[in-house]
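Colleague: Handing you this structure, nothing more for now.
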Amino acid sequence: MKPAFSAPPDRRALYGDVLDMVAQPTLEDPASLGPRYRPAHWLLMERGRIHAVQAEEPDASWTQERHPGRLILPGFIDTHVHAAQIDVIGAWGAALLDWLERHTFPAEARMADPAHAAFISGLFLDGLLAAGTTAAMVFPTVHKGSVEALFEAAEARGMRLIAGKVLMDRHAPANLRDDVVQAERDCGDLIERWHGQGRLSYAVTPRFAPTSSPAQLAMAGELMTLRPELYMQTHVAENRDEVRWVAELFPEARSYLDVYERFGLLGPRAMLAHGIWLDASDRALLHERGAALAFCPSSNLFLGSGLFDWRAARQSGCAVTVGCDVGGGTSLSMLRTLADGYKVQALAGRRVTAWDLLYAATRGAAEALGLSHEIGSFDVGTLADVVVWDRARSPVEQRRQAVAQDLHEAVFAWLTVAGEDHVVSTRVAGVERYRRSS
């Protein structure tokens with residue numbers, strides 16, 4: 001008789017209904033190509049990477065974990081969120097510019113304390129993992145230490161994280177302003193320490209045009225020219241008062257977006273949040289430069305900023321991703337954010353499908369970030385960032401799933417009704433980093 005085989009810990013197999021996206025779906029068409037659904041299949045993970053997806057039960061060399069009837073998806077990718085702002089989720093009664101003054105800036109000022117920065121960074125990342133998000137593009141604060149704390153916490157969890165020191169040398173409280181020389185020095189130190197360290201990447205991060213002087217924006221553009229492998233993240237055209245303010249501060253620019261173009265900040269590694277009040281020329285420029293937009297529907301609704309035109313962005317060829325934008329948004333849950341994305345489009349007289357939403361938060365985001373070889377799907381060889389989800393948690397949800405007429409109807413109902421409490425398990429590069437308590 002052969003001795004019993006002891007399965008090594010780096011060969012694991014999850015059983016369930018495996019769903020990922022293989023292509024960008026046709027906007028507004030539930031029957032379009034895009035989803036890859038493999039019910040009652042095994043997802044095999046070896047040494048932290050996707051080894052295979054198969055119907056046959058694997059042999060005894062694989063440690064098995066069964067989740068019959070549950071969905072298994074790639075981890076979500078959040079392309080715009082503020083780590084320090086979890087302290088102001090759900091802050092009442094202000095539009096964007098007033099909200100920054102009353103709520104955001106005081107919360108960000110507290111990140112000057114290293115102990116507070118470390119605590120908030122860990123809490124924030126654990127919140128993402130518990131909500132099924134395994135990779136993110138994040139704003140820390142103006143403080144160099146806040147970036148260090150965030151990168152340290154992400155490295156400890158093995159997460160794919162893109163972040164950078166916020167650049168802000170005017171139109172902000174004195175305790176949150178930097179200067180061009182010191183900011184450039186801090187960016188250089190952080191890039192050398194963290195960019196390319198494990199799964200971490202650095203993003204040049206001007207908060208938005210009004211809070212950076214022309215000299216600081218020029219410095220940021222020079223950084224991108226010297227180090228084109230860096231990312232760039234900022235805000236654009238979120239609120240009409242903000243757009244008017246930018247026009248006053250930069251009268252030479254054709255538009256808000258043109259400010260960033262003039263300083264060399266638009267390129268294939270640029271992610272711009274919101275983009276509600278862009279025109280056709282702006283969208284054409286984004287497509288030409290290869291830059292992407294982060295649609296932040298929960299925040300846009302909560303702050304009353306406006307209704308993003310997904311159809312116009314898609315028609316221009318511009319990549320659309322999704323960000324929860326906490327604390328303007330009210331949850332770290334990408335499911336809740338995607339459901340709000342559907343509502344925003346519905347308010348504007350448009351429709352998007354479950355496949356559009358899932359693509360934007362998985363493979364589409366990975367492609368926009370140049371990371372589709374690593375995250376966003378279950379292609380063989382990608383890292384095993386994997387989330388197991390309950391389809392339903394209540395009798396009402398169970399009934400809704402039972403009467404769904406097809407896959408799209410079932411997934412759309414799950415996507416719009418479920419929340420972070422439906423996450424069963426979250427794995428990062430094959431390592432379980434969150435499991436829901438019984």
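Letters A, B, ... go to the chains of the structure tokens in the order shown; residues in each chain start at 1; ligands are counted from 1 in the same order.
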Would you kindly return, as a list of chain:residue names, each protein, DNA or RNA residue with an atom no farther than 8 Å from any atom of Val142 (chain A), considering only C-alpha atoms and excluding same-chain residues fewer than 3 positions away?
Modeller: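 Neighbouring residues, sequence-local ones excluded: A:Ser146, A:Lys165, A:Val166, A:Leu167, A:Met168, A:Leu176, A:Arg177, A:Asp178.
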Colleague: Please identify all polymer residues within 12 Å of region 373-381 of chain A, counting only C-alpha atoms, omitting same-chain residues fewer than 4 positions from it, and present them as a VMD selection string.
Modeller: chain A and resid 18 to 23 34 to 38 42 to 54 72 to 78 133 to 136 159 to 161 199 321 358 to 369 385 to 387 428 to 429
Colleague: Which residue, A:Trp62, A:Phe119, A:Trp389, A:Tyr260, has the smallest gap to Arg435 (chain A) when you use only C-alpha atoms?
Modeller: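 Closest to Arg435 (chain A) of all the choices is A:Trp389.
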Colleague: A:Gly164, A:Ala40, A:Asp282, A:His143: which is nearest Gln182 (chain A), counting only C-alpha atoms?
Modeller: A:His143
Colleague: Would you return as a ChimeraX atom specification the members of region 74-251 of chain A that DSSP assigns to alpha helix (DSSP H) on this structure's backbone?
Modeller: /A:96-99,105-109,114-130,144-157,180-194,214-226,240-249
Colleague: One decimal, in Å: what's the spacing between CA of Glu261 (chain A) and CA of Ser299 (chain A)?
Modeller: 25.3 Å
Colleague: What's around region 115-117 of chain A at 10 Å? Count only C-alpha atoms, leave out sequence neighbours fewer than 2 positions away in its own chain, and write the answer as an MDAnalysis selection string.
Modeller: chainID A and resid 83:84 108 110:113 119:123 140:141 143 145:150
Colleague: Only N, CA and C atoms, please: the residues just picked out, written as a compact mmCIF listing (two decimals), in the first residue's frame.
Modeller:
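File written: again.txt
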# COMPACT_ATOMS: atom_id res chain seq x y z
N ALA A 83 -6.83 56.64 1.86
CA ALA A 83 -6.64 55.86 3.08
C ALA A 83 -7.00 56.63 4.33
N ALA A 84 -6.62 57.90 4.40
CA ALA A 84 -6.81 58.67 5.64
C ALA A 84 -8.27 59.03 5.88
N GLU A 108 -6.92 64.31 7.47
CA GLU A 108 -5.60 64.10 6.89
C GLU A 108 -4.49 64.69 7.77
N ARG A 110 -4.22 64.56 10.87
CA ARG A 110 -3.88 63.62 11.94
C ARG A 110 -2.87 62.57 11.49
N MET A 111 -2.68 62.42 10.18
CA MET A 111 -1.73 61.43 9.68
C MET A 111 -0.28 61.86 9.87
N ALA A 112 -0.05 63.05 10.38
CA ALA A 112 1.31 63.47 10.72
C ALA A 112 1.86 62.65 11.88
N ASP A 113 0.98 62.08 12.68
CA ASP A 113 1.40 61.25 13.82
C ASP A 113 1.70 59.84 13.31
N PHE A 119 -1.81 52.90 12.34
CA PHE A 119 -3.10 52.31 12.71
C PHE A 119 -4.11 52.44 11.58
N ILE A 120 -4.25 53.64 11.02
CA ILE A 120 -5.24 53.88 9.97
C ILE A 120 -4.90 53.08 8.72
N SER A 121 -3.62 52.99 8.37
CA SER A 121 -3.23 52.25 7.17
C SER A 121 -3.60 50.78 7.28
N GLY A 122 -3.33 50.18 8.43
CA GLY A 122 -3.70 48.78 8.62
C GLY A 122 -5.20 48.57 8.63
N LEU A 123 -5.91 49.45 9.32
CA LEU A 123 -7.37 49.36 9.37
C LEU A 123 -7.97 49.49 7.97
N PRO A 140 -2.50 58.50 0.01
CA PRO A 140 -2.22 58.71 1.44
C PRO A 140 -2.45 60.20 1.75
N THR A 141 -1.48 60.90 2.33
CA THR A 141 -1.61 62.34 2.58
C THR A 141 -0.30 63.02 2.19
N HIS A 143 1.98 63.89 4.05
CA HIS A 143 3.06 63.48 4.94
C HIS A 143 3.82 62.29 4.39
N GLY A 145 5.55 60.24 6.01
CA GLY A 145 5.32 59.10 6.90
C GLY A 145 4.04 58.36 6.61
N SER A 146 3.01 59.04 6.08
CA SER A 146 1.75 58.36 5.76
C SER A 146 1.95 57.40 4.60
N VAL A 147 2.83 57.76 3.67
CA VAL A 147 3.12 56.89 2.54
C VAL A 147 3.91 55.67 3.02
N GLU A 148 4.91 55.93 3.86
CA GLU A 148 5.69 54.83 4.43
C GLU A 148 4.78 53.84 5.15
N ALA A 149 3.88 54.36 5.97
CA ALA A 149 3.00 53.50 6.76
C ALA A 149 2.09 52.66 5.86
N LEU A 150 1.58 53.28 4.80
CA LEU A 150 0.69 52.57 3.89
C LEU A 150 1.43 51.48 3.13
Colleague: Would you list, as a list in words, the residues of region 320-418 of chain A that end up in strand (DSSP E or B) under DSSP run on this structure's backbone?
Modeller: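 Output for region 320-418 of chain A, strand (DSSP E or B) only: Val320, Thr321, Val322, Val326, Gly329, Leu383, Val386, Val387, Val388 and Trp389 of chain A.
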Colleague: Using only C-alpha atoms, which of A:Gln197, A:Ser281, A:Thr63, A:Gln401 sits nearest Leu257 (chain A)?
Modeller: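 For Leu257 (chain A), the nearest of the candidates is A:Ser281.
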